[in-house]
Amino acid sequence: MKKIAVILAGCGVYDGAEINEAVLTLLHIAKAGASYQCFAPDIDQLHTINHLNGEEMQPNRNVLVEAARIARGDIKALTELTANDFDGLIIPGGFGAAKNLCDFAIKGSDAQVNPQMLRACQAFANANKPAGYMCIAPAMIPLIYNTGVKATIGNDANTAHAMQKLGAQHVDCAVSDIVIDEQYKLVSTPAYMLAQSILEADAGIEKLVGAVLRMS
């Protein structure tokens, strides 16, 4: 049975992992006959957002503790992730991916990846193991892979431009499709960067999970 590591950025679209993307990812891994283990960094979120009114709220929350809500408690600290134990890696989106796993939401083309996150993702890249990034998470890709790596966040011009300044070759992509960089066994899809419904998000996510598993 193939085993996939899934890294979550918290719980909630505005300050953590996008819940629908995360759940659909886990569902499609399981439906394909594979298994998964969730991970998240044991750090404070950048901030905590009230999802009813969009305002910042106190007290702030912990990324690992919040991500445990999605994983039903079956989650480990990101420092425990060892690439050799898995066949592939998938990272759902949500603003937390650009706020907690890296600082792209704040610094754009001057962004850096959280050191724990960088170590984990580069381990999969260096081992030539497949990885899938969705929604805004592909903004991290040029900071993990070599200059010229192919990736997509959909078709948002400003975000694509920032990714290109970081070194990516951005490819415009429909919500239901994926972009694959065969050299790096790397898959990306827009998901809720473009999706207007859970069905639209699901179409690309199912393809992404399938591609990661085929290449593993």
# chains A, B, ... in the order shown; residues from 1 in each chain; ligands from 1
>>> residues_around(residues="stretch 46-61 of chain A", least_positions_apart="6", cutoff="7 Å", atoms="only C-alpha atoms", output="list in words")
Tyr14, Asp15, Lys99 and Asn100 of chain A
>>> residues_around(residues="A:Cys11", least_positions_apart="5", cutoff="9 Å", atoms="only C-alpha atoms", output="CSV table (one decimal) with C-alpha atoms, in the first residue's frame")
chain,number,residue,atom,x,y,z
A,16,GLY,CA,-5.0,27.7,8.1
A,17,ALA,CA,-5.6,24.8,5.8
A,18,GLU,CA,-8.6,25.0,3.5
A,19,ILE,CA,-10.8,22.3,5.0
A,63,VAL,CA,-1.1,25.3,13.8
A,65,VAL,CA,-3.5,21.8,17.4
A,66,GLU,CA,-5.8,23.4,14.9
A,67,ALA,CA,-4.8,21.0,12.1
A,68,ALA,CA,-5.6,18.1,14.5
A,69,ARG,CA,-9.3,19.0,14.0
A,70,ILE,CA,-9.2,18.0,10.4
A,94,GLY,CA,-5.8,27.8,2.3
A,96,GLY,CA,-2.4,29.3,6.1
>>> residues_around(residues="stretch 178-181 of chain A", least_positions_apart="5", cutoff="12 Å", atoms="only C-alpha atoms", output="MDAnalysis selection string")
chainID A and resid 128 130:135 138 141 145:146 148:154 168:173 186:191 201:212 215
>>> closest_residue(among="A:Ile144, A:Ala77, A:Val23, A:Ala139", to="A:Ile198", atoms="only C-alpha atoms")
A:Val23
>>> closest_residue(among="A:Ala97, A:Gln45, A:Ala111, A:Tyr36", to="A:Lys76", atoms="only C-alpha atoms")
A:Tyr36
>>> select_by_dssp(residues="stretch 74-149 of chain A", states="alpha helix (DSSP H)", output="ChimeraX atom specification")
/A:95-99,104-107,115-126,141-144
